[in-house]
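Reading through the structure tokens given below for one structure.
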Amino acid sequence: MAAAGAEAAAAAAEEEEEAAEKRRLPPPGADPESGGDSEDEGDSDSSGDGEDEEKENEAEIQRLEEQLSINAFDYNCHLDLIKLLRQEGELVKLRRARQKMSELFPLTEGPEIWLEYAQYSIGGIGQEGGIEKVRSIFERALTAVGLHVTKGTALWEAYREFENAILETAQPAPGSVPSPEQQQMLCSQLERIHTLFRRQLGIPLLDMEASYAEYEEWSEEPIPETIIKNYKKALQQLEKCKPYEEALLGAETPKLAEYQAYIDFEMKAGDPARIQLIYERALAENCLVPDLWARYNQYLDRQLRVKELVLSAHDRAVRNCPWTVGLWIRYLLAMERHGVDHCIISEMFEKALNAGFIQATDYVEIWQAYLDYLRRRVDFTQDSSKELEELRSAFARAVEYLKQEVEERFSESGDPSCTIMQNWARVEARLCNNMQKARELWDNIMTKGNAKYANMWLEYYNLERAHGDTQHCRKALHRAVQCTSDYPEHVCEVLLTLERIEGTLEDWDAAVQKTENRLARVNEQRAKVAEKEAALAKQEEEKAEQRKQARAEKKASKKAKKNRIGDKRKADDDDEGEWGREEEAEQPSKRHKGDGDGLLLEEDMELETGLFGRSGPEKPDRPANQKQKASTSRKDIPKVLHDSSKDNVTVFVSNLSYNMAEPEVKLKELFESCGEVEQIRPVFSNKGTFRGYCYVEFKDEKSALQALGLDRKVVEGRPMFVSPCVDKNKNPDFKVFRYSTTLEKHKLFISGLPFSCTKEELEDVCKAHGNVKDIRLVTNRAGKPKGLAYVEYENEAQASQAVLKMDGLTIKDHVIKVAISNPPLRKLPDKPEAGRASQFAAPRQIYGARGKGRTQLSMMPRALQRQSNPVAKAENGMVQNSPATSSEPAEEPKKMSNADFAKMLLNK
């Protein structure tokens, strides 16, 4: 159907062109806007403006023509040029521009164009065979767009009107008797109109009820039961299609989602003609969407497999989206699949090379597809043939083309790993038994900067191993040991393995000596690099320490300045005694409140600012019983101690949301799928708030093991961590961290990813370079992406190949960095002995929520503190010798009775 439409549109192009231009364009010399004469009726200023505008248009036309001579596939440039030529009334140039564009980009094959073309063809009805030509055009139009639900009716009605007009001319004159030939012609014409009505009523079209009523009125005989049955069936089908048609009417361009839903619906119904039609409708509005063409062509290739239809669709696809290399590759495969002549396929390949691809790698892909096609034409049972020579010539031309044309345009060859030359070497070695040519090609590959990669040497070694000899294998591995810089240990191991199996003692000794020398140099270089990195790290650490010290000095200077201001204050009354002076120095400075007559005391401050200086929801005048209830509610939370004897049936759950309401209920619903839950013990703080972790105890051990599978499950927007319940004091070597922290040569570390990148999108990028086993996107504890990922391949060769091709790749405007995974060593916790020693080394200070609590008063009388820690005071009250710096050991205070305590406090 699409092939017929393309043929009709192409045939109509020249005939329609002149008529269209005559309808749309003013005659030369006329005003394009008003359609009047070009003679200026205004003043000389307006005439000058018109001349200036005309000169600007001519300059713009010349610029657009030069741009198209450079890139003929610039779609918007074609449109701008045609618009200007139409405005200037340049009919000859306009016709030429339209013809050039139609050669590159196909005409739209909508119902309107088919209807206009069919009506235009009626003008030639008087010529010989004119009636049959018009009927042929109408039939092709019905085949192309006759199933269009909303616009197909107009085409059917135009076809019937044409046949009715012929019927009127065939009627005999009034009062005359028709001849047998006239009678036969009348019958056949009536049957044509009957057939058109019946065909139309069997198709779900808009306003088909009116067509049915028209048929009842026109027909002199009752409508057959089979036609009525088909009509009702079409009505039912129309009701199913209406929601999709209404969605298309209400949607905004490009309507891709609505069209895709319509296509999926028709796919389930399975009618090829309707599937094809909806694809054609979608493409008429979205002819520049490569993915839509790709899906359409894939359907035609796999389902319909009609040569003319398939090739026409592929041809229109590459003409609409010439910059998409995948469409050209599918076109070449379709042409080969349907047995198109070799010369035509070669011509199409040359067009593809001139299509103006946007990436260097696109040219590598199209060359590979064409070389694969040429290789399949060769009969390798013959020593020499025309096809084989053509294949070799194409390989040589591809290498030269990438070196000259592509590298000059993109500043890169697009094929850094020389995959085309590798394929050429494999063909020579495996299919032509020409190892000498294969070795020459591999020598060329290594000279292009690939000698430092171990996977390239191992690829060559495997080829020699399969089709060469041991001597060349040994020679290749010796060169690999000398040149490889990424994984020298790997090629050394392969060389030793070869000599262990096939080499003599002299070969073994030579290999051992060579590998030892090489690895010694490698380790020396790595040590220098590590030393340099350590020096840089030390410099950064010193700079950080200097910055930290500068901040500390700045802070100390501010504090000293503040203390100098505070030292000017003196005690108001000497009768307060030493107790009063010490208390004044210890307590924070008091603030004035109100008019300044009264002081805001410690207790009042606590009521106003809340506990530890934080604003609380309680108001100062809250009843005392409510305060007591709030303070004791935290202590009422039951403290359930963990039973280590049940570790085998218990899992530890962490990284939960602190705001989780009723964690026991929520987690019980979650973990009951693993088995019967015995108890859930959430951990709360002293204030009664959930701390984000808990213990889940099951009835049996099997359920606990199954619960570990819920690790990283997202709960309330955060990944939940589920780990075995292990006492680390008894098992200090137990590690919960499940990911490797050493060098993994088969795994990649990718950074710089956009936060919106999904696992599926990253897999689509990575699987082009090998078999991806696993992908892990790194997230923070809240489950938010960090722009990092680990990608695991099957082997090291695939991983190293992916590093070469993906490093520096752009994904969603983000340039990513790709390297072999080598995570830094994780910091180990301090040993328990050191921890205990540090605990005894200095007493633990008690701090509030924002440092040292301002309202935390010592419960030991200061007089008793003076006895145990004698200090000397200066005149201004500053301590001269602190207990920590005193050389004399502090004496232990003697035990005192209550009476002694009272005397001391009352200064008796």
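Residue names in the structure tokens use chain letters A, B, ... in the order shown, residue numbers from 1 in each chain, and ligand numbers from 1 in the order shown.
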Taking the DSSP secondary structure from the backbone, can you list the residues of region 140-386 of chain A that are alpha helix (DSSP H), as number ranges by chain?
A: 140-145, 152-170, 180-201, 208-218, 225-250, 256-269, 272-285, 290-299, 307-320, 325-337, 342-353, 360-377, 386
Using only C-alpha atoms, determine which residues lie at most 12 Å from His338 (chain A), disregarding the query and same-chain residues fewer than 6 positions distant; provide the list as a PyMOL selection string.
chain A and resi 301+305-311+331-332+345
Excluding Lys452 (chain A) and any residue of its chain fewer than 4 positions from it, enumerate the residues within 9 Å of it, using only C-alpha atoms, and give them as a PyMOL selection string.
chain A and resi 446+456-457+480+483-487
Expressed in Å, the length from CA of Lys233 (chain A) to CA of Ala269 (chain A) is 13.7 Å
Selection near region 220-228 of chain A, 9 Å with only C-alpha atoms, sequence-local residues under 4 positions removed, as a short mmCIF file (atom, residue, chain, number, x, y, z; two decimals) with N, CA, C and O atoms, in the first residue's frame:
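Final file, result_31.cif:
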```cif
data_model
loop_
_atom_site.label_atom_id
_atom_site.label_comp_id
_atom_site.auth_asym_id
_atom_site.auth_seq_id
_atom_site.Cartn_x
_atom_site.Cartn_y
_atom_site.Cartn_z
N ARG A 198 -20.69 -1.40 -0.99
CA ARG A 198 -20.51 -2.57 -0.13
C ARG A 198 -19.10 -2.61 0.46
O ARG A 198 -18.91 -2.98 1.62
N ARG A 199 -18.10 -2.25 -0.36
CA ARG A 199 -16.73 -2.21 0.15
C ARG A 199 -16.59 -1.18 1.26
O ARG A 199 -15.95 -1.43 2.30
N LEU A 201 -18.96 0.07 3.25
CA LEU A 201 -19.72 -0.25 4.45
C LEU A 201 -19.08 -1.36 5.28
O LEU A 201 -19.45 -1.57 6.44
N GLY A 202 -18.14 -2.07 4.73
CA GLY A 202 -17.44 -3.12 5.49
C GLY A 202 -16.21 -2.60 6.23
O GLY A 202 -15.49 -3.37 6.86
N TYR A 215 -26.98 4.47 0.73
CA TYR A 215 -27.04 3.24 -0.07
C TYR A 215 -28.47 2.71 -0.12
O TYR A 215 -28.96 2.24 -1.16
N GLU A 216 -29.19 2.74 1.02
CA GLU A 216 -30.58 2.28 1.04
C GLU A 216 -31.45 3.10 0.09
O GLU A 216 -32.32 2.56 -0.61
N LYS A 232 -22.58 -4.02 10.40
CA LYS A 232 -22.68 -4.00 11.86
C LYS A 232 -21.34 -4.35 12.52
O LYS A 232 -20.98 -3.78 13.56
N LYS A 233 -20.65 -5.25 11.90
CA LYS A 233 -19.33 -5.61 12.44
C LYS A 233 -18.38 -4.42 12.35
O LYS A 233 -17.59 -4.15 13.28
#
```
What's the 6 Å shell around Val818 (chain A), counting only C-alpha atoms, without same-chain residues fewer than 6 positions away, as number ranges by chain?
A: 749-750, 803, 807
